[in-house]
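Okay, structure first, notes after.
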Amino acid sequence: MAKTPTKTRRKRRSPTLGPEKTAQLYAALAEDRPAPQTELDYHNPFTLVVAVALSAQATDVGVNKATKKLFEIADTPKKMLALGEEGVAGHIKTIGLWRNKAKNVIALSQMLIDEFDGEVPQTREELTRLPGVGRKTANVVLNEAFGHETIAVDTHIFRVSNRTGLAPGKTPDEVEEQLERVTPPEFKKGAHHWLILHGRYVCVARKPKCWRCVISDICRFKDKTPDPARKESDLGPKG
Ligand code: SF4
């Protein structure tokens with residue numbers, strides 16, 4: 001009896017917007033924010049690594065408040081080490097998980113001195129070896145400090161990518177993989193900022209501001225929020 005051929009299982013991807021609409025979506029976001037930047041304050045690649053590592057489960061505004069004085073005193077791994085774990089902790093107590101984060105800041109400063117001559121490395125593999133630095137932090141640093149075309153999927157990018165249909169995925173890794181696949185080369189460098197800022201200020205978690213969204217005609221989200229300024233009577237008779 002002939003053997004039934006075994007099917008190779010291929011990972012099924014959810015349908016995306018397609019190249020034309022994807023390019024339109026990015027073009028609209030780029031026009032809306034021509035020079036997007038991170039909202040975290042930093043002085044150099046080292047302070048950016050520290051700021052991004054501190055921003056896990058904290059707002060950028062909260063991190064900026066805490067790091068203002070800290071970075072004035074310690075903007076290099078050597079100065080951070082001189083401050084010690086207690087010294088760092090004293091500056092960041094207003095941020096969630098501060099105890100662990102202070103420990104990581106000191107450990108990563110030590111590793112930078114011991115293994116990287118005090119410089120921040122420029123590859124994801126090396127960056128993710130630093131204590132407290134995961135793939136997301138590494139991607140942000142590579143994009144912001146070194147101009148790499150990386151996209152770090154945080155909660156905002158995850159939401160926007162799924163709602164719009166730009167890069168649907170069940171996990172941040174899946175979304176990142178889709179984004180890397182569908183994002184046209186000319187938008188790769190800015191994609192991270194455009195999507196994050198759009199998610200933070202327009203496509204917010206609870207009630208997205210669809211009525212003032214520059215990509216609402218492309219977005220596939222079914223439950224778009226109507227313009228609150230529009231009265232019921234403006235919408236015409238029901239039925
Ligand atoms: S239309 Fe609404 S759901 Fe879609 S991206 Fe804009 S704000 Fe988000």
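In the structure tokens, each chain is lettered A, B, ... as it comes, each chain's residues begin at 1, and ligands are numbered from 1 in order of appearance.
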Exercise for the section: Kindly compile the residues surrounding ligand 1 within 12 Å, counting only C-alpha atoms and all ligand atoms, and format them as a PyMOL selection string. Expected result: chain A and resi 25-26+28-29+156-166+194-227
Exercise for the section: Return the single residue from A:Ala229, A:Ala89, A:Met111, A:Leu179 that is closest to A:Thr22, with distances computed using only C-alpha atoms. Expected result: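 Looking at the shortest contact to A:Thr22, the residue is A:Leu179.
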Practice task
Could you give me, as an NGL selection string, the residues within 9 Å of A:Leu130, counting only C-alpha atoms and dropping anything in the same chain fewer than 5 positions from it?
Solution key: :A and (104 or 107-109 or 111-112)
Any chance you could export the current selection's N, CA and C atoms as a JSON list (two decimals), in the first residue's frame?
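The file below, out.json, is the result:
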```
[["chain", "number", "residue", "atom", "x", "y", "z"],
["A", 104, "ASN", "N", 20.05, 45.74, 38.04],
["A", 104, "ASN", "CA", 20.40, 45.53, 36.63],
["A", 104, "ASN", "C", 21.26, 46.66, 36.06],
["A", 107, "ALA", "N", 24.70, 46.02, 37.22],
["A", 107, "ALA", "CA", 25.27, 44.82, 36.57],
["A", 107, "ALA", "C", 25.57, 45.09, 35.10],
["A", 108, "LEU", "N", 24.71, 45.82, 34.42],
["A", 108, "LEU", "CA", 24.97, 46.07, 33.00],
["A", 108, "LEU", "C", 26.13, 47.05, 32.82],
["A", 109, "SER", "N", 26.27, 47.99, 33.75],
["A", 109, "SER", "CA", 27.41, 48.91, 33.68],
["A", 109, "SER", "C", 28.71, 48.13, 33.85],
["A", 111, "MET", "N", 29.22, 44.96, 33.18],
["A", 111, "MET", "CA", 29.48, 44.13, 32.00],
["A", 111, "MET", "C", 30.00, 44.99, 30.83],
["A", 112, "LEU", "N", 29.47, 46.20, 30.70],
["A", 112, "LEU", "CA", 29.95, 47.08, 29.62],
["A", 112, "LEU", "C", 31.43, 47.38, 29.80]]
```
Report as JSON lines: every residue of stretch 78-149 of chain A with an atom at most 10 Å from stretch 41-46 of chain A, its closest pair of atoms, and their distance in Å to one decimal, counting only C-alpha atoms, with rows sorted by chain and ascending residue number.
```
{"residue": "A:Leu108", "atom": "CA", "partner": "A:Phe46", "partner_atom": "CA", "distance": 9.9}
{"residue": "A:Ser109", "atom": "CA", "partner": "A:Phe46", "partner_atom": "CA", "distance": 8.7}
{"residue": "A:Leu112", "atom": "CA", "partner": "A:Phe46", "partner_atom": "CA", "distance": 9.2}
{"residue": "A:Gly118", "atom": "CA", "partner": "A:Phe46", "partner_atom": "CA", "distance": 8.9}
{"residue": "A:Glu119", "atom": "CA", "partner": "A:Phe46", "partner_atom": "CA", "distance": 7.5}
{"residue": "A:Val120", "atom": "CA", "partner": "A:Phe46", "partner_atom": "CA", "distance": 6.1}
{"residue": "A:Pro121", "atom": "CA", "partner": "A:Pro45", "partner_atom": "CA", "distance": 9.2}
{"residue": "A:Gln122", "atom": "CA", "partner": "A:Pro45", "partner_atom": "CA", "distance": 9.8}
{"residue": "A:Val141", "atom": "CA", "partner": "A:Pro45", "partner_atom": "CA", "distance": 7.3}
{"residue": "A:Leu142", "atom": "CA", "partner": "A:Pro45", "partner_atom": "CA", "distance": 9.2}
{"residue": "A:Glu144", "atom": "CA", "partner": "A:Pro45", "partner_atom": "CA", "distance": 8.7}
{"residue": "A:Ala145", "atom": "CA", "partner": "A:Pro45", "partner_atom": "CA", "distance": 5.7}
{"residue": "A:Phe146", "atom": "CA", "partner": "A:Pro45", "partner_atom": "CA", "distance": 8.3}
```
Practice task
From the DSSP assignment of the backbone, select every residue of stretch 17-195 of chain A that is alpha helix (DSSP H), and format the answer as number ranges by chain.
Solution key: A: 19-32, 45-54, 60-73, 77-92, 98-116, 124-127, 135-146, 155-164, 172-182, 188-195
Practice task
Fewer than 5 positions away in the same chain doesn't count, so skip those; otherwise give me all residues within 9 Å of stretch 49-65 of chain A, counting only C-alpha atoms, as a ChimeraX atom specification.
Solution key: /A:39-42,44,92,94-98,101-102,104-105,108,120,132-134,137-138,140-141
Sorted per-residue table, stretch 16-76 of chain A near stretch 174-178 of chain A, closest atoms and distance, 12 Å, only C-alpha atoms, as a tab-separated table:
```
residue	atom	partner	partner_atom	distance
A:Thr16	CA	A:Gln178	CA	8.5
A:Leu17	CA	A:Gln178	CA	11.2
A:Gly18	CA	A:Gln178	CA	11.7
A:Thr22	CA	A:Gln178	CA	11.8
```
Practice task
Using only C-alpha atoms, determine which residues lie at most 10 Å from stretch 147-149 of chain A, disregarding the query and same-chain residues fewer than 3 positions distant; provide the list as a list of chain:residue names.
Solution key: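 Using only C-alpha atoms, the neighbours found are A:Gln122, A:Thr123, A:Asn139, A:Val140, A:Val141, A:Leu142, A:Asn143, A:Glu144, A:Ala152, A:Glu180, A:Pro185, A:Glu186, A:Phe187, A:Lys188, A:Lys189, A:Gly190, A:Ala191, A:His192.
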Pull C-alpha atoms from the residues just selected and write them as an mmCIF file, in the first residue's frame.
```cif
data_model
loop_
_atom_site.group_PDB
_atom_site.id
_atom_site.type_symbol
_atom_site.label_atom_id
_atom_site.label_comp_id
_atom_site.auth_asym_id
_atom_site.auth_seq_id
_atom_site.Cartn_x
_atom_site.Cartn_y
_atom_site.Cartn_z
ATOM 1 C CA GLN A 122 25.764 47.524 18.315
ATOM 2 C CA THR A 123 24.361 44.047 17.773
ATOM 3 C CA ASN A 139 15.630 46.888 19.237
ATOM 4 C CA VAL A 140 14.841 50.353 20.593
ATOM 5 C CA VAL A 141 18.530 51.049 21.241
ATOM 6 C CA LEU A 142 19.604 49.778 17.816
ATOM 7 C CA ASN A 143 16.985 51.932 16.107
ATOM 8 C CA GLU A 144 17.315 55.100 18.162
ATOM 9 C CA ALA A 152 10.529 46.946 18.881
ATOM 10 C CA GLU A 180 9.647 43.197 9.229
ATOM 11 C CA PRO A 185 12.238 49.634 3.097
ATOM 12 C CA GLU A 186 11.725 53.389 2.981
ATOM 13 C CA PHE A 187 9.564 53.266 6.129
ATOM 14 C CA LYS A 188 11.586 50.739 8.149
ATOM 15 C CA LYS A 189 13.681 53.226 10.074
ATOM 16 C CA GLY A 190 10.720 55.338 11.238
ATOM 17 C CA ALA A 191 8.130 52.551 11.591
ATOM 18 C CA HIS A 192 8.874 51.974 15.264
#
```
Handout entry: Distance criterion (only C-alpha atoms): nearest to A:Thr183 out of A:His91, A:Arg33, A:Lys21, A:Lys103
Key =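 Comparing A:His91, A:Arg33, A:Lys21, A:Lys103 against A:Thr183, the winner is A:Lys21.
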Practice task
Just give me the gap between atom CA of A:Pro19 and atom CA of A:Arg181 in Å, one decimal is fine.
Solution key: 10.4 Å
